[in-house]
Amino acid sequence: MGLSRRDFLKAAAGGGLALASNLSPAPVLAREPVPRLPDALGILYDATLCIGCKACMAACKKANNLPPELCTPDSLWDDPVDLSAKTVNIIKLYKNGTGLAKDQEINGYSFIRQFCMHCVDPSCVSACPVSALTKDQQTGLVRYDKDNCIGCRYCQVACPYNIPKFQWDQAFPQIVKCQLCDHLIAQGGYSACCEFCPTGASIFGNVQHLREEAHRRLSFKPGEFAEYPLHRVESRHTTRRQATPYLNHVFGEREGGGTQVLMLANVPFNKLGFPLLPPESQASRSETLYHTLYKGMILPYVLLGGLFYLIYKNTTGHDLP
Amino acid sequence: MTELDISAGNKKISKSALAGMQARSVHAWQPVGGHLITKPFLVLAALALTGVILMLYRYAAGLGAVTNLSDGYPWGIWITYDVLVGTALGCGGYAVAILVYAFNRWEYHPVVRSAVLTSVFGYSLAGLAIFLDIGRYWNGYKLFLPWTVNFNSVLVEVALCIAAYVVVLWIELLPTLMERYPENARAVATRQRLERWLPVIAAVGILLPTMHQSSLGTLMIIAGYKLSPLWQTQLLPLFFLLSAVTMGFAVTAFESILSSLAFKRPYETPMLGRLSVCMAWVTAVYLVIRFADLLIRQAPVFTSGFQSVMLIVENLLYLVPVLLLVSPGLRRDLRFLFLAAVSMLLAGSLYRFDAFLIGYSPGPGWHYFPATAEILITLGIVALELMAYLYFVKRFPVLPAAHS
């Protein structure tokens, strides 16, 4: 009995379309990059101003009701070694060689802060099957809603910065991540980490202003005296100090489609534990491919129609009535 | 056309459908019979019981109590083995349905039922594994609410499609179950109704795995740099689809040979030989595209340490069935058919492990190897699957009737 050439061509028409769209080197319709929101809120962290006092970590725990993480045998202090479901903000230390010079890549050290970067085009939001992670349409903050979450942890797979954390020790677990203290913002306040940072290393504000501030700092000549705002980018309360050299790179301006948290340092960011990301967001790559295959459900319907036609013919021995 | 005409037309179709099928498939199926409670069955029962107890413990104490999962490796063997490999092993029904129904190759019809049966359990238990794995399972219904579902999420397509396919598979299995009760008028009527709907059921039953098996690959696109360039490619959906089809053929041959051996039934060597050639062709196509993709992207094939080793092993395993089955002599030898099927199953399984675990690296400091309890739960699920298979082939007409 075998397969006639005509039948094969018909079956191949459906499957071939699916394959062709897979194989085409340029996706048919690349998803537009997500633009920055005009009222986006964020944080600028400047490693050269950070003195590693961890006031931001203590303030974060208090503002967000997070339990201490007791990592030493005597269990005296909150001393987390990494981000976890109990710690959504952490100061880490980079050290090289003698580790004497501040903000030097070789024989020096640098502090670095890790917390949610509040991506312009967040992978976690794209990945979440049940909209438990959402991006605020005004402030751009990435929020978590436990009432929708099914605990699948695809957000953890998707996040390039490994930010969402899961409560592995709970029978009824949640995802935990920094939400930039949006509960304080709702009451007219701002992120606790910035409120309690004594040196101006972390400042809160409109992302556009934060970018301008970051580029203003990059324009300083090392050694000259400069004013650095404290707590908020528009604050008149400033600290005056001698500028130190910066790497000419605002981390988060372009990385992975951009982030609302921006960072400055004098040590390359991959040394500070950050991934080197292309300017295209991972969410955009995924959605471009996915929506190309499923655009208007055309391919699935064509395939279904083709299959039905073939199977009808093959099982009944008749062409369609 | 009036309503009367339509119904008359349908009746005609159903009659001719039956006639056509009878003409094309002059074979029958029968239960294997024999005792259900045997020594191997009891061993499986012990494994399943251990698994179930540990599952209960998981619900009481949380995922951390039974798994080595971490914030770096949020997905472990339950996703990789039970869902990814489990559903690929459940693609026998899919691969054989493509041959029989879409390509009109009724010579493979005898193995349709056992292939569908394996698929039913592969997929149903993958569904169970998902419910073990998700942390907030009581919110699971949110996946089916249009106002919470996020249609940008690849996981939505995978979850909805697998859920729908589990239902379709049980419908495909129903005629087999009904056939056990030939005196029951309702069972006979249901069977006839289902047979009339066969073109629709079979078409949906081919469409759904095509969709979710490719989407399983698309899942990892969003992991970006965390997945090694040896596996991270825009062709992930195509590779996952092709590996599902080849594993579907392999598992059908594997199962046919093993059940002939276990139940002392005649081997279906000539048919399995032809089936294996189909598998080898798809595998060859897969390998050509896979290597072209690695070359074009200039992936670090030899310089990625352990990942390179696994990539090479994975593709050598893919190559074995192609090399074995080009020779017509070997195709007639059951031992080589079996070897080719096993190699194919290992290749596809390793590919899926590589693309989700071995090639996945969230950054320095993270490690994952499954905990004992985690492995025991997976073994428990496999044991449940095998027990269900034994029960169904012994009590229901699943396997082809032995030729005299």
# chains A, B, ... in the order shown; residues from 1 in each chain; ligands from 1

call {"tool": "closest_atom_pairs", "arguments": {"of": "chain B", "to": "chain A", "cutoff": "6 Å", "atoms": "only C-alpha atoms", "output": "Markdown table"}}
result
| residue | atom | partner | partner_atom | distance |
| --- | --- | --- | --- | --- |
| B:Ser16 | CA | A:Thr316 | CA | 5.7 |
| B:Ala17 | CA | A:Thr316 | CA | 4.2 |
| B:Gly20 | CA | A:Thr316 | CA | 5.5 |
| B:Ala60 | CA | A:Ala171 | CA | 5.7 |
| B:Ala61 | CA | A:Ala171 | CA | 5.1 |
| B:Gly62 | CA | A:Ala171 | CA | 4.0 |
| B:Leu63 | CA | A:Trp168 | CA | 5.5 |
| B:Gly64 | CA | A:Trp168 | CA | 4.5 |
| B:Asp71 | CA | A:Lys165 | CA | 5.8 |
| B:Tyr101 | CA | A:Ile311 | CA | 5.1 |
| B:Ala102 | CA | A:Ile311 | CA | 5.4 |
| B:Asn104 | CA | A:Asn314 | CA | 5.7 |
| B:Arg105 | CA | A:Gly2 | CA | 6.0 |
| B:Ile134 | CA | A:Cys152 | CA | 4.6 |
| B:Gly135 | CA | A:Gly151 | CA | 4.2 |
| B:Arg136 | CA | A:Ile150 | CA | 4.4 |
| B:Tyr137 | CA | A:Ile150 | CA | 5.7 |
| B:Asn139 | CA | A:Ile150 | CA | 5.1 |
| B:Gly140 | CA | A:Ile150 | CA | 5.6 |
| B:Leu143 | CA | A:Val130 | CA | 6.0 |
| B:Thr148 | CA | A:Val130 | CA | 5.1 |
| B:Val149 | CA | A:Val130 | CA | 4.5 |
| B:Asn150 | CA | A:Pro129 | CA | 5.1 |
| B:Asn152 | CA | A:Ser126 | CA | 5.7 |
| B:Ser153 | CA | A:Ala127 | CA | 4.7 |
| B:Leu155 | CA | A:Pro129 | CA | 5.9 |
| B:Val156 | CA | A:Pro129 | CA | 5.2 |
| B:Pro199 | CA | A:Tyr312 | CA | 5.1 |
| B:Ala203 | CA | A:Phe308 | CA | 5.2 |
| B:Ile221 | CA | A:Ser286 | CA | 5.4 |
| B:Ile222 | CA | A:Gln282 | CA | 5.0 |
| B:Ala223 | CA | A:Ala158 | CA | 4.7 |
| B:Gly224 | CA | A:Gln282 | CA | 5.8 |

call {"tool": "residues_around", "arguments": {"residues": "Tyr351 in chain B", "least_positions_apart": "2", "cutoff": "10 Å", "atoms": "only C-alpha atoms", "output": "number ranges by chain"}}
result
B: 85, 231, 239-240, 243, 310-311, 313-315, 317-318, 345-349, 353-359

call {"tool": "write_last_selection", "arguments": {"atoms": "N, CA and C atoms", "output": "CSV table (one decimal), in the first residue's frame"}}
result
chain,number,residue,atom,x,y,z
B,85,VAL,N,12.1,13.4,29.7
B,85,VAL,CA,12.3,12.1,29.2
B,85,VAL,C,11.0,11.3,29.2
B,231,TRP,N,24.1,23.8,23.5
B,231,TRP,CA,22.7,23.5,23.4
B,231,TRP,C,21.8,24.7,23.1
B,239,PHE,N,14.9,20.6,17.4
B,239,PHE,CA,15.6,19.5,18.0
B,239,PHE,C,14.8,18.7,19.0
B,240,PHE,N,14.0,19.4,19.8
B,240,PHE,CA,13.2,18.6,20.7
B,240,PHE,C,12.1,17.9,20.0
B,243,SER,N,13.8,14.8,18.3
B,243,SER,CA,14.2,13.8,19.3
B,243,SER,C,13.0,13.1,19.9
B,310,MET,N,30.0,15.2,27.2
B,310,MET,CA,28.6,14.8,27.2
B,310,MET,C,28.0,15.1,25.8
B,311,LEU,N,28.4,16.2,25.2
B,311,LEU,CA,27.9,16.5,23.8
B,311,LEU,C,28.3,15.4,22.9
B,313,VAL,N,29.3,12.2,23.6
B,313,VAL,CA,28.6,11.0,23.9
B,313,VAL,C,27.2,11.0,23.4
B,314,GLU,N,26.5,12.1,23.6
B,314,GLU,CA,25.1,12.2,23.2
B,314,GLU,C,25.0,12.0,21.6
B,315,ASN,N,25.9,12.6,20.9
B,315,ASN,CA,25.8,12.5,19.4
B,315,ASN,C,26.3,11.2,18.9
B,317,LEU,N,25.8,8.4,20.5
B,317,LEU,CA,24.6,7.5,20.7
B,317,LEU,C,23.6,7.7,19.6
B,318,TYR,N,23.5,9.0,19.1
B,318,TYR,CA,22.6,9.2,18.0
B,318,TYR,C,23.0,8.6,16.7
B,345,LEU,N,17.2,5.6,22.5
B,345,LEU,CA,16.6,6.1,23.8
B,345,LEU,C,17.6,6.8,24.7
B,346,LEU,N,18.8,6.2,24.8
B,346,LEU,CA,19.8,6.9,25.6
B,346,LEU,C,20.2,8.2,25.0
B,347,ALA,N,20.3,8.3,23.7
B,347,ALA,CA,20.7,9.5,23.0
B,347,ALA,C,19.7,10.6,23.3
B,348,GLY,N,18.4,10.3,23.0
B,348,GLY,CA,17.4,11.3,23.2
B,348,GLY,C,17.3,11.7,24.7
B,349,SER,N,17.4,10.8,25.6
B,349,SER,CA,17.4,11.1,27.0
B,349,SER,C,18.5,12.0,27.4
B,353,PHE,N,18.6,15.7,29.1
B,353,PHE,CA,19.4,16.0,30.3
B,353,PHE,C,20.4,17.1,30.1
B,354,ASP,N,21.1,17.0,28.9
B,354,ASP,CA,22.1,18.0,28.6
B,354,ASP,C,21.5,19.4,28.4
B,355,ALA,N,20.4,19.5,27.7
B,355,ALA,CA,19.8,20.8,27.4
B,355,ALA,C,19.1,21.4,28.7
B,356,PHE,N,18.8,20.6,29.7
B,356,PHE,CA,18.2,21.2,30.9
B,356,PHE,C,19.0,21.2,32.1
B,357,LEU,N,20.0,20.2,32.2
B,357,LEU,CA,20.7,20.1,33.5
B,357,LEU,C,22.2,20.2,33.2
B,358,ILE,N,22.8,19.3,32.4
B,358,ILE,CA,24.2,19.2,32.3
B,358,ILE,C,24.8,20.5,31.6
B,359,GLY,N,24.0,21.0,30.6
B,359,GLY,CA,24.5,22.2,29.9
B,359,GLY,C,24.1,23.5,30.6

call {"tool": "atom_distance", "arguments": {"atom1": "CA of Pro68 in chain A", "atom2": "CA of Lys86 in chain A"}}
result
7.0 Å

call {"tool": "closest_residue", "arguments": {"among": "B:Leu177, B:Ile171, B:Ala250, B:Leu287", "to": "Phe396 in chain B", "atoms": "only C-alpha atoms"}}
result
B:Leu177

call {"tool": "residues_around", "arguments": {"residues": "Val52 in chain B", "least_positions_apart": "6", "cutoff": "9 Å", "atoms": "only C-alpha atoms", "output": "MDAnalysis selection string"}}
result
chainID B and resid 377 380:381

call {"tool": "select_by_dssp", "arguments": {"residues": "range 155-251 of chain A", "states": "strand (DSSP E or B)", "output": "PyMOL selection string"}}
result
chain A and resi 165-166+175-176+202-206+225-229+232+238-242+251

call {"tool": "write_last_selection", "arguments": {"atoms": "C-alpha atoms", "output": "PDB file, in the first residue's frame"}}
result
ATOM      1  CA  LYS A 165      14.451  32.984  45.454  1.00  0.00           C
ATOM      2  CA  PHE A 166      12.265  30.084  46.564  1.00  0.00           C
ATOM      3  CA  ILE A 175       9.026  33.248  45.711  1.00  0.00           C
ATOM      4  CA  VAL A 176      10.845  36.123  47.419  1.00  0.00           C
ATOM      5  CA  SER A 202      22.711  53.932  46.760  1.00  0.00           C
ATOM      6  CA  ILE A 203      20.363  56.666  45.635  1.00  0.00           C
ATOM      7  CA  PHE A 204      16.714  56.372  44.649  1.00  0.00           C
ATOM      8  CA  GLY A 205      14.871  58.223  41.926  1.00  0.00           C
ATOM      9  CA  ASN A 206      13.500  58.496  38.414  1.00  0.00           C
ATOM     10  CA  PHE A 225      36.114  67.609  44.426  1.00  0.00           C
ATOM     11  CA  ALA A 226      32.511  66.842  43.558  1.00  0.00           C
ATOM     12  CA  GLU A 227      29.042  66.826  45.136  1.00  0.00           C
ATOM     13  CA  TYR A 228      27.215  63.523  45.470  1.00  0.00           C
ATOM     14  CA  PRO A 229      23.511  63.570  46.376  1.00  0.00           C
ATOM     15  CA  ARG A 232      17.541  60.498  46.488  1.00  0.00           C
ATOM     16  CA  THR A 238      24.865  66.109  49.319  1.00  0.00           C
ATOM     17  CA  THR A 239      28.252  64.906  50.359  1.00  0.00           C
ATOM     18  CA  ARG A 240      31.446  66.474  49.015  1.00  0.00           C
ATOM     19  CA  ARG A 241      34.422  64.282  48.256  1.00  0.00           C
ATOM     20  CA  GLN A 242      37.293  63.726  45.858  1.00  0.00           C
ATOM     21  CA  PHE A 251      25.893  48.716  34.068  1.00  0.00           C
TER      22      PHE A 251
END

call {"tool": "atom_distance", "arguments": {"atom1": "CA of Ala243 in chain A", "atom2": "CA of Arg113 in chain A"}}
result
20.0 Å

call {"tool": "residues_around", "arguments": {"residues": "Thr303 in chain B", "least_positions_apart": "4", "cutoff": "12 Å", "atoms": "only C-alpha atoms", "output": "list in words"}}
result
Ser228, Pro229, Leu230, Gln298, Ala299, Gln307, Ser308, Val309, Met310, Leu311 and Ile312 of chain B

call {"tool": "closest_residue", "arguments": {"among": "B:Trp281, B:Trp106, B:Tyr57, B:Tyr94", "to": "Gly205 in chain B", "atoms": "only C-alpha atoms"}}
result
B:Tyr94

call {"tool": "closest_residue", "arguments": {"among": "A:Val34, A:Ile51, A:Leu180, A:Leu70", "to": "Ile91 in chain A", "atoms": "only C-alpha atoms"}}
result
A:Ile51

call {"tool": "atom_distance", "arguments": {"atom1": "CA of Ala55 in chain A", "atom2": "CA of Ser70 in chain B"}}
result
27.5 Å

call {"tool": "residues_around", "arguments": {"residues": "Tyr108 in chain B", "least_positions_apart": "2", "cutoff": "10 Å", "atoms": "only C-alpha atoms", "output": "count of residues only"}}
result
16

call {"tool": "residues_around", "arguments": {"residues": "Pro209 in chain B", "least_positions_apart": "6", "cutoff": "9 Å", "atoms": "only C-alpha atoms", "output": "ChimeraX atom specification"}}
result
/B:91,94,161-162,165,241,244

call {"tool": "write_last_selection", "arguments": {"atoms": "N, CA and C atoms", "output": "PDB file, in the first residue's frame"}}
result
ATOM      1  N   CYS B  91       6.131   9.204  23.589  1.00  0.00           N
ATOM      2  CA  CYS B  91       5.854   9.647  22.223  1.00  0.00           C
ATOM      3  C   CYS B  91       5.691   8.487  21.257  1.00  0.00           C
ATOM      4  N   TYR B  94       2.502   8.862  19.496  1.00  0.00           N
ATOM      5  CA  TYR B  94       2.610   9.977  18.555  1.00  0.00           C
ATOM      6  C   TYR B  94       3.321   9.531  17.277  1.00  0.00           C
ATOM      7  N   CYS B 161      -0.964  22.201  26.719  1.00  0.00           N
ATOM      8  CA  CYS B 161      -0.903  21.202  25.666  1.00  0.00           C
ATOM      9  C   CYS B 161      -0.738  19.796  26.248  1.00  0.00           C
ATOM     10  N   ILE B 162       0.102  19.671  27.277  1.00  0.00           N
ATOM     11  CA  ILE B 162       0.296  18.353  27.885  1.00  0.00           C
ATOM     12  C   ILE B 162      -1.002  17.925  28.569  1.00  0.00           C
ATOM     13  N   TYR B 165      -3.340  16.789  25.994  1.00  0.00           N
ATOM     14  CA  TYR B 165      -2.923  15.543  25.357  1.00  0.00           C
ATOM     15  C   TYR B 165      -3.165  14.338  26.261  1.00  0.00           C
ATOM     16  N   LEU B 241      11.563  18.438  18.960  1.00  0.00           N
ATOM     17  CA  LEU B 241      10.523  17.748  18.202  1.00  0.00           C
ATOM     18  C   LEU B 241      11.090  16.492  17.541  1.00  0.00           C
ATOM     19  N   ALA B 244      11.834  13.827  19.976  1.00  0.00           N
ATOM     20  CA  ALA B 244      10.616  13.171  20.455  1.00  0.00           C
ATOM     21  C   ALA B 244      10.148  12.113  19.459  1.00  0.00           C
TER      22      ALA B 244
END

call {"tool": "select_by_dssp", "arguments": {"residues": "range 125-177 of chain B", "states": "helix (DSSP H, G or I)", "output": "PDB file with C-alpha atoms, in the first residue's frame"}}
result
ATOM      1  CA  LEU B 125       2.739  10.241  35.346  1.00  0.00           C
ATOM      2  CA  ALA B 126       4.609  13.234  33.932  1.00  0.00           C
ATOM      3  CA  GLY B 127       1.517  15.191  34.959  1.00  0.00           C
ATOM      4  CA  LEU B 128       1.803  13.689  38.450  1.00  0.00           C
ATOM      5  CA  ALA B 129       5.491  14.656  38.580  1.00  0.00           C
ATOM      6  CA  ILE B 130       4.593  18.252  37.684  1.00  0.00           C
ATOM      7  CA  PHE B 131       2.222  18.366  40.640  1.00  0.00           C
ATOM      8  CA  LEU B 132       4.992  17.065  42.890  1.00  0.00           C
ATOM      9  CA  ASP B 133       7.415  19.619  41.546  1.00  0.00           C
ATOM     10  CA  TYR B 137       0.199  23.234  43.653  1.00  0.00           C
ATOM     11  CA  TRP B 138      -3.070  24.480  45.160  1.00  0.00           C
ATOM     12  CA  ASN B 139      -2.842  27.419  42.744  1.00  0.00           C
ATOM     13  CA  GLY B 140      -2.417  25.042  39.784  1.00  0.00           C
ATOM     14  CA  TYR B 141      -5.916  25.786  38.480  1.00  0.00           C
ATOM     15  CA  LYS B 142      -4.758  29.364  37.719  1.00  0.00           C
ATOM     16  CA  LEU B 143      -3.096  27.926  34.604  1.00  0.00           C
ATOM     17  CA  PHE B 144      -6.567  27.378  33.188  1.00  0.00           C
ATOM     18  CA  VAL B 154       6.261  29.212  26.847  1.00  0.00           C
ATOM     19  CA  LEU B 155       5.432  27.174  29.945  1.00  0.00           C
ATOM     20  CA  VAL B 156       1.733  27.942  29.429  1.00  0.00           C
ATOM     21  CA  GLU B 157       1.786  26.331  26.000  1.00  0.00           C
ATOM     22  CA  VAL B 158       3.618  23.306  27.396  1.00  0.00           C
ATOM     23  CA  ALA B 159       1.311  22.908  30.397  1.00  0.00           C
ATOM     24  CA  LEU B 160      -1.999  23.376  28.565  1.00  0.00           C
ATOM     25  CA  CYS B 161      -0.903  21.202  25.666  1.00  0.00           C
ATOM     26  CA  ILE B 162       0.296  18.353  27.885  1.00  0.00           C
ATOM     27  CA  ALA B 163      -2.904  18.537  29.950  1.00  0.00           C
ATOM     28  CA  ALA B 164      -5.009  18.369  26.774  1.00  0.00           C
ATOM     29  CA  TYR B 165      -2.923  15.543  25.357  1.00  0.00           C
ATOM     30  CA  VAL B 166      -3.332  13.428  28.507  1.00  0.00           C
ATOM     31  CA  VAL B 167      -7.107  13.652  27.944  1.00  0.00           C
ATOM     32  CA  VAL B 168      -6.745  12.804  24.233  1.00  0.00           C
ATOM     33  CA  LEU B 169      -4.537   9.812  25.064  1.00  0.00           C
ATOM     34  CA  TRP B 170      -7.119   8.376  27.464  1.00  0.00           C
ATOM     35  CA  ILE B 171      -9.757   8.827  24.751  1.00  0.00           C
ATOM     36  CA  GLU B 172      -7.454   7.008  22.321  1.00  0.00           C
ATOM     37  CA  LEU B 173      -7.122   4.201  24.847  1.00  0.00           C
ATOM     38  CA  LEU B 174     -10.875   3.935  25.486  1.00  0.00           C
ATOM     39  CA  PRO B 175     -11.684   1.576  22.556  1.00  0.00           C
ATOM     40  CA  THR B 176      -9.116  -0.869  23.936  1.00  0.00           C
ATOM     41  CA  LEU B 177     -10.761  -0.741  27.348  1.00  0.00           C
TER      42      LEU B 177
END
